[in-house]
Amino acid sequence: MKYFVLDTNVLLHDPQSLFRFQDNTIIVPITVIEEVDRFKKDMNETGRNARAVSRILDALREKGSLANGIAMPGGGSLRVELCEEQALNRLPKDLRDDKGDNRILAVALATKERFASETVIFVTKDTNLRIKADAIGIAAEDYESDKVDIQELYAGARNLEIDPEAIDRFYGQTWLESPDGLLPNEFATLVDRSNPSHTALCRFDAAQGKVVPVRKIPKEGIWSIYPRNREQQFALDALMDDSVKLVSLVGKAGTGKTLLAIAAGLQKVAEENVYNRLLVSRPVFPMGKDLGFLPGDIEEKLTPWMQPIFDNVELLISGHESEKRHSKGYKELMAMGLLDIEPLTYIRGRSIPNQYMIVDEAQNLTPHEIKTIVTRAGEGTKIVLTGDPYQIDNPYVDSSSNGLSYLVERFKNERISAHVTLTRGERSELAELAANLL
């Protein structure tokens with residue numbers, strides 16, 4: 001049996017973490033309860049998680065004494081430990097102040113000394129706290145129940161070497177028996193073994209059990225947008241396929257994730273009338289120091305956060321109009337209810353039917369927030385999530401624990417989802433160099 005001492009950030013990240021340690025003993029320092037209490041009135045995801053933790057602990061309290069330990073439903077036990085003064089004094093001199101982190105460390109150290117013959121592990125998502133714990137001889141781990149190895153993240157596409165006759169047959173009959181190992185809606189570049197320049201782009205159609213050609217882009221483009229590389233061609237194929245209800249696009253800045261998604265959404269809503277409305281949203285996280293409260297009504301307050309979306313929509317509409325085809329103006333689309341741009345703040349509890357929904361900067365969301373968003377999808381709705389796991393502004397997630405990476409791995413085997421990793425920047429030569437060099 002092992003003893004796991006949990007930090008506050010673990011519970012605020014995942015209230016259900018209390019049930020994820022199997023038949024081991026969970027120790028929650030009393031300082032953690034105090035810190036959770038400070039967040040319970042917040043009206044954000046952290047506040048909701050804090051309230052969930054309090055409800056779970058209160059329900060467990062009715063079954064016995066938290067001080068003596070309560071049997072958990074899946075085995076093991078849980079108890080709340082006080083931080084005794086002598087435990088705090090056992091810490092190195094530099095760590096003996098009354099900071100919450102140090103009091104939690106003191107409980108972990110006291111647990112280690114009390115159960116010297118057992119394995120005691122301190123679990124925290126705080127990197128510096130793990131370093132402190134290791135420095136005083138306490139085994140420390142990150143909470144990894146929802147972590148994804150970012151280096152092994154599903155790419156959504158691969159190269160396949162095949163015989164030249166097979167490629168010729170693919171072009172002739174527009175399908176090919178699927179090679180082993182392809183996942184539903186996974187894209188592939190078929191490469192001639194004898195002539196690498198002889199290739200074909202395809203997607204695995206799991207319903208037919210065949211690889212089929214990637215759709216051709218019409219002469220007029222997708223809302224006047226044309227793919228500039230094969231990953232963008234893969235992305236547009238997934239974005240324009242109505243049978244694919246969930247699309248995730250991952251890539252560095254400038255790869256065209258958001259622009260392609262909005263172009264496909266406008267095409268489906270304003271031109272093809274497949275969906276009732278294009279809904280574009282993003283989480284509200286500042287890059288760098290926050291500017292604080294902003295003046296004005298809700299529209300004026302949200303403009304700085306939503307400006308990247310406005311920029312992309314205006315670029316697409318201006319390009320569409322320059323082709324001298326009929327195009328509704330940006331404000332007219334919003335007035336007609338065909339386009340809506342809003343933050344994710346108020347999505348909880350909603351049902352969103354028959355809409356083309358784009359969530360930009362999804363790497364800043366937690367797995368639980370991603371679940372909240374995707375479960376809002378009503379009948380006929382398509383959800384597109386875009387983001388770069390290496391550009392995260394949310395201090396509570398990283399490249400491996402963010403909701404976008406989590407969703408990509410969980411949905412890779414599902415027939416109604418598709419994923420594409422975009423690697424080549426197309427914004428400008430300068431932007432591409434900056435993304436690679438800086």
# chains A, B, ... in the order shown; residues from 1 in each chain; ligands from 1
call {"tool": "select_by_dssp", "arguments": {"residues": "segment 59-307 of chain A", "states": "alpha helix (DSSP H)", "output": "ChimeraX atom specification"}}
result
/A:59-61,85-89,100-114,127-135,164-173,230-240,257-266,298-307
call {"tool": "residues_around", "arguments": {"residues": "Asp163 of chain A", "least_positions_apart": "3", "cutoff": "8 Å", "atoms": "only C-alpha atoms", "output": "number ranges by chain"}}
result
A: 166-167, 192-194
call {"tool": "residues_around", "arguments": {"residues": "segment 423-434 of chain A", "least_positions_apart": "2", "cutoff": "9 Å", "atoms": "only C-alpha atoms", "output": "JSON, numbers by chain"}}
result
{"A": [228, 229, 231, 250, 251, 252, 253, 254, 255, 256, 421, 436, 437, 438]}
call {"tool": "write_last_selection", "arguments": {"atoms": "all heavy atoms", "output": "short mmCIF file (atom, residue, chain, number, x, y, z; two decimals), in the first residue's frame"}}
result
data_model
loop_
_atom_site.label_atom_id
_atom_site.label_comp_id
_atom_site.auth_asym_id
_atom_site.auth_seq_id
_atom_site.Cartn_x
_atom_site.Cartn_y
_atom_site.Cartn_z
N ARG A 228 -2.40 25.72 -49.18
CA ARG A 228 -1.06 25.97 -49.68
C ARG A 228 -0.12 24.79 -49.46
O ARG A 228 1.02 24.80 -49.91
CB ARG A 228 -0.47 27.21 -49.01
CG ARG A 228 -1.19 28.50 -49.38
CD ARG A 228 -0.48 29.70 -48.80
NE ARG A 228 -1.10 30.95 -49.21
CZ ARG A 228 -0.63 32.15 -48.88
NH1 ARG A 228 0.46 32.24 -48.12
NH2 ARG A 228 -1.25 33.24 -49.30
N ASN A 229 -0.55 23.78 -48.72
CA ASN A 229 0.27 22.59 -48.51
C ASN A 229 -0.67 21.41 -48.24
O ASN A 229 -1.88 21.58 -48.11
CB ASN A 229 1.27 22.79 -47.37
CG ASN A 229 0.61 23.19 -46.07
OD1 ASN A 229 -0.26 22.49 -45.56
ND2 ASN A 229 0.99 24.35 -45.51
N GLU A 231 -1.04 19.46 -45.62
CA GLU A 231 -1.73 19.43 -44.33
C GLU A 231 -2.96 20.32 -44.36
O GLU A 231 -4.01 19.98 -43.80
CB GLU A 231 -0.80 19.87 -43.20
CG GLU A 231 0.24 18.84 -42.79
CD GLU A 231 1.46 18.89 -43.69
OE1 GLU A 231 1.60 19.87 -44.45
OE2 GLU A 231 2.29 17.95 -43.62
N VAL A 250 -4.14 21.12 -34.82
CA VAL A 250 -3.03 21.51 -33.96
C VAL A 250 -1.89 21.99 -34.83
O VAL A 250 -1.57 21.39 -35.86
CB VAL A 250 -2.57 20.31 -33.09
CG1 VAL A 250 -1.23 20.58 -32.44
CG2 VAL A 250 -3.61 20.00 -32.02
N GLY A 251 -1.26 23.08 -34.42
CA GLY A 251 -0.12 23.58 -35.18
C GLY A 251 0.39 24.88 -34.60
O GLY A 251 -0.30 25.56 -33.84
N LYS A 252 1.62 25.22 -34.96
CA LYS A 252 2.23 26.45 -34.45
C LYS A 252 1.56 27.67 -35.07
O LYS A 252 0.73 27.55 -35.98
CB LYS A 252 3.73 26.45 -34.76
CG LYS A 252 4.05 26.43 -36.24
CD LYS A 252 5.53 26.26 -36.50
CE LYS A 252 5.80 26.20 -38.01
NZ LYS A 252 7.22 25.95 -38.31
N ALA A 253 1.94 28.85 -34.59
CA ALA A 253 1.37 30.09 -35.10
C ALA A 253 1.64 30.24 -36.59
O ALA A 253 2.74 29.96 -37.07
CB ALA A 253 1.98 31.28 -34.34
N GLY A 254 0.61 30.66 -37.33
CA GLY A 254 0.78 30.94 -38.74
C GLY A 254 0.53 29.78 -39.67
O GLY A 254 0.69 29.92 -40.89
N THR A 255 0.11 28.63 -39.15
CA THR A 255 -0.13 27.47 -40.01
C THR A 255 -1.51 27.49 -40.66
O THR A 255 -1.80 26.64 -41.50
CB THR A 255 0.05 26.15 -39.23
OG1 THR A 255 -0.72 26.21 -38.03
CG2 THR A 255 1.52 25.92 -38.87
N GLY A 256 -2.35 28.43 -40.26
CA GLY A 256 -3.65 28.58 -40.91
C GLY A 256 -4.80 27.87 -40.24
O GLY A 256 -5.88 27.74 -40.83
N THR A 421 -2.45 17.66 -37.85
CA THR A 421 -1.36 18.47 -37.32
C THR A 421 -0.75 19.27 -38.46
O THR A 421 -0.27 18.68 -39.44
CB THR A 421 -0.28 17.59 -36.67
OG1 THR A 421 -0.86 16.85 -35.60
CG2 THR A 421 0.86 18.44 -36.11
N ASN A 436 10.04 29.34 -35.88
CA ASN A 436 11.07 28.31 -35.84
C ASN A 436 12.31 28.70 -35.06
O ASN A 436 12.98 27.85 -34.45
CB ASN A 436 11.49 27.94 -37.27
CG ASN A 436 10.39 27.23 -38.05
OD1 ASN A 436 9.56 26.55 -37.44
ND2 ASN A 436 10.35 27.41 -39.35
N LEU A 437 12.65 29.98 -35.06
CA LEU A 437 13.92 30.43 -34.46
C LEU A 437 13.79 30.98 -33.05
O LEU A 437 14.76 30.91 -32.28
CB LEU A 437 14.56 31.49 -35.36
CG LEU A 437 14.92 31.04 -36.79
CD1 LEU A 437 15.51 32.23 -37.57
CD2 LEU A 437 15.92 29.89 -36.76
N LEU A 438 12.65 31.55 -32.72
CA LEU A 438 12.55 32.23 -31.42
C LEU A 438 11.95 31.32 -30.35
O LEU A 438 11.25 30.39 -30.63
CB LEU A 438 11.67 33.48 -31.58
CG LEU A 438 12.20 34.53 -32.57
CD1 LEU A 438 11.27 35.72 -32.62
CD2 LEU A 438 13.60 34.97 -32.18
#
call {"tool": "closest_residue", "arguments": {"among": "A:Asp94, A:Glu220, A:Asp37, A:Glu379", "to": "Tyr275 of chain A", "atoms": "only C-alpha atoms"}}
result
A:Glu379
call {"tool": "closest_residue", "arguments": {"among": "A:Ala261, A:Thr372, A:Asn49, A:Val36", "to": "Gln16 of chain A", "atoms": "only C-alpha atoms"}}
result
A:Asn49
call {"tool": "closest_residue", "arguments": {"among": "A:Ala52, A:Ile30, A:Gly47, A:Met240", "to": "Cys83 of chain A", "atoms": "only C-alpha atoms"}}
result
A:Ile30
call {"tool": "closest_residue", "arguments": {"among": "A:Arg130, A:Ile225, A:Asn89, A:Asp97", "to": "Ser318 of chain A", "atoms": "only C-alpha atoms"}}
result
A:Ile225
call {"tool": "residues_around", "arguments": {"residues": "segment 346-355 of chain A", "least_positions_apart": "5", "cutoff": "8 Å", "atoms": "only C-alpha atoms", "output": "PDB file with C-alpha atoms, in the first residue's frame"}}
result
ATOM      1  CA  TYR A 275     -25.797  24.804 -40.593  1.00  0.00           C
ATOM      2  CA  ASN A 276     -27.932  27.558 -39.097  1.00  0.00           C
ATOM      3  CA  ARG A 277     -25.080  29.606 -37.675  1.00  0.00           C
ATOM      4  CA  LEU A 278     -21.300  29.892 -37.405  1.00  0.00           C
ATOM      5  CA  LEU A 279     -20.349  30.251 -33.739  1.00  0.00           C
ATOM      6  CA  THR A 372     -18.095  20.723 -21.015  1.00  0.00           C
ATOM      7  CA  ILE A 373     -17.836  22.290 -24.486  1.00  0.00           C
ATOM      8  CA  ARG A 376     -22.995  21.087 -25.461  1.00  0.00           C
ATOM      9  CA  ALA A 377     -23.228  19.892 -29.079  1.00  0.00           C
ATOM     10  CA  GLY A 378     -26.825  19.343 -30.096  1.00  0.00           C
ATOM     11  CA  GLU A 379     -28.192  17.456 -33.087  1.00  0.00           C
ATOM     12  CA  GLY A 380     -26.471  18.428 -36.339  1.00  0.00           C
ATOM     13  CA  THR A 381     -23.685  20.480 -34.741  1.00  0.00           C
ATOM     14  CA  LYS A 382     -20.048  20.261 -35.833  1.00  0.00           C
TER      15      LYS A 382
END
call {"tool": "residues_around", "arguments": {"residues": "segment 110-113 of chain A", "least_positions_apart": "3", "cutoff": "10 Å", "atoms": "only C-alpha atoms", "output": "PyMOL selection string"}}
result
chain A and resi 3-5+27+81+83-84+86-88+90-91+104-107+116-122+137-139
call {"tool": "closest_residue", "arguments": {"among": "A:Ile392, A:Ala362, A:Leu339, A:Ile416", "to": "Thr258 of chain A", "atoms": "only C-alpha atoms"}}
result
A:Ala362
call {"tool": "atom_distance", "arguments": {"atom1": "atom CA of Ser224 of chain A", "atom2": "atom CA of Leu316 of chain A"}}
result
7.4 Å
call {"tool": "select_by_dssp", "arguments": {"residues": "segment 35-224 of chain A", "states": "strand (DSSP E or B)", "output": "ChimeraX atom specification"}}
result
/A:70-71,77-81,119-123,139-141,157-162,176-177,187-192,199-205,210-213,222
call {"tool": "residues_around", "arguments": {"residues": "Glu152 of chain A", "least_positions_apart": "2", "cutoff": "12 Å", "atoms": "only C-alpha atoms", "output": "PyMOL selection string"}}
result
chain A and resi 147-150+154-156+399-400+405-406+408-409
call {"tool": "write_last_selection", "arguments": {"atoms": "C-alpha atoms", "output": "PDB file, in the first residue's frame"}}
result
ATOM      1  CA  LYS A 147      -1.625  13.572 -19.309  1.00  0.00           C
ATOM      2  CA  VAL A 148      -0.640  12.905 -22.892  1.00  0.00           C
ATOM      3  CA  ASP A 149       2.956  12.520 -24.060  1.00  0.00           C
ATOM      4  CA  ILE A 150       3.150  15.544 -26.354  1.00  0.00           C
ATOM      5  CA  TYR A 154      -1.429  11.527 -32.655  1.00  0.00           C
ATOM      6  CA  ALA A 155      -0.523  13.434 -35.843  1.00  0.00           C
ATOM      7  CA  GLY A 156      -3.612  12.548 -37.872  1.00  0.00           C
ATOM      8  CA  SER A 399       1.559  20.962 -23.311  1.00  0.00           C
ATOM      9  CA  SER A 400       0.755  17.475 -22.014  1.00  0.00           C
ATOM     10  CA  SER A 405      -4.055  17.256 -26.420  1.00  0.00           C
ATOM     11  CA  TYR A 406      -6.308  15.166 -24.175  1.00  0.00           C
ATOM     12  CA  VAL A 408      -6.918  14.393 -29.678  1.00  0.00           C
ATOM     13  CA  GLU A 409      -5.785  11.160 -28.009  1.00  0.00           C
TER      14      GLU A 409
END
call {"tool": "residues_around", "arguments": {"residues": "Asp168 of chain A", "least_positions_apart": "4", "cutoff": "10 Å", "atoms": "only C-alpha atoms", "output": "VMD selection string"}}
result
chain A and resid 163 to 164 172 to 174 192 198 to 200
call {"tool": "write_last_selection", "arguments": {"atoms": "N, CA, C and O atoms", "output": "PDB file, in the first residue's frame"}}
result
ATOM      1  N   ASP A 163       3.341   0.082 -53.838  1.00  0.00           N
ATOM      2  CA  ASP A 163       3.782  -0.205 -55.202  1.00  0.00           C
ATOM      3  C   ASP A 163       3.184   0.804 -56.179  1.00  0.00           C
ATOM      4  O   ASP A 163       2.058   1.291 -55.976  1.00  0.00           O
ATOM      5  N   PRO A 164       3.913   1.097 -57.275  1.00  0.00           N
ATOM      6  CA  PRO A 164       3.390   2.066 -58.253  1.00  0.00           C
ATOM      7  C   PRO A 164       2.061   1.626 -58.861  1.00  0.00           C
ATOM      8  O   PRO A 164       1.197   2.460 -59.147  1.00  0.00           O
ATOM      9  N   GLY A 172      -7.337   5.287 -60.721  1.00  0.00           N
ATOM     10  CA  GLY A 172      -8.321   4.778 -61.658  1.00  0.00           C
ATOM     11  C   GLY A 172      -9.671   4.500 -61.043  1.00  0.00           C
ATOM     12  O   GLY A 172     -10.712   4.888 -61.587  1.00  0.00           O
ATOM     13  N   GLN A 173      -9.691   3.849 -59.877  1.00  0.00           N
ATOM     14  CA  GLN A 173     -10.970   3.445 -59.276  1.00  0.00           C
ATOM     15  C   GLN A 173     -11.391   4.318 -58.091  1.00  0.00           C
ATOM     16  O   GLN A 173     -12.464   4.132 -57.522  1.00  0.00           O
ATOM     17  N   THR A 174     -10.561   5.306 -57.742  1.00  0.00           N
ATOM     18  CA  THR A 174     -10.813   6.289 -56.662  1.00  0.00           C
ATOM     19  C   THR A 174     -10.991   5.649 -55.281  1.00  0.00           C
ATOM     20  O   THR A 174     -11.654   6.218 -54.424  1.00  0.00           O
ATOM     21  N   ASP A 192       4.972   6.334 -54.062  1.00  0.00           N
ATOM     22  CA  ASP A 192       5.489   5.284 -54.941  1.00  0.00           C
ATOM     23  C   ASP A 192       6.895   4.877 -54.473  1.00  0.00           C
ATOM     24  O   ASP A 192       7.772   5.721 -54.334  1.00  0.00           O
ATOM     25  N   HIS A 198       5.853  10.420 -57.238  1.00  0.00           N
ATOM     26  CA  HIS A 198       4.549   9.886 -57.642  1.00  0.00           C
ATOM     27  C   HIS A 198       3.735   9.598 -56.375  1.00  0.00           C
ATOM     28  O   HIS A 198       3.978   8.605 -55.684  1.00  0.00           O
ATOM     29  N   THR A 199       2.793  10.480 -56.050  1.00  0.00           N
ATOM     30  CA  THR A 199       2.074  10.386 -54.778  1.00  0.00           C
ATOM     31  C   THR A 199       0.576  10.567 -54.970  1.00  0.00           C
ATOM     32  O   THR A 199       0.114  10.972 -56.044  1.00  0.00           O
ATOM     33  N   ALA A 200      -0.154  10.284 -53.921  1.00  0.00           N
ATOM     34  CA  ALA A 200      -1.602  10.517 -53.902  1.00  0.00           C
ATOM     35  C   ALA A 200      -2.021  10.811 -52.466  1.00  0.00           C
ATOM     36  O   ALA A 200      -1.494  10.220 -51.514  1.00  0.00           O
TER      37      ALA A 200
END
call {"tool": "closest_residue", "arguments": {"among": "A:Ile370, A:Leu6, A:Leu160, A:Leu239", "to": "Arg79 of chain A", "atoms": "only C-alpha atoms"}}
result
A:Leu6
call {"tool": "atom_distance", "arguments": {"atom1": "atom CA of Ile56 of chain A", "atom2": "atom CA of Leu18 of chain A"}}
result
8.7 Å
call {"tool": "atom_distance", "arguments": {"atom1": "atom CA of Asn128 of chain A", "atom2": "atom CA of Leu95 of chain A"}}
result
12.9 Å
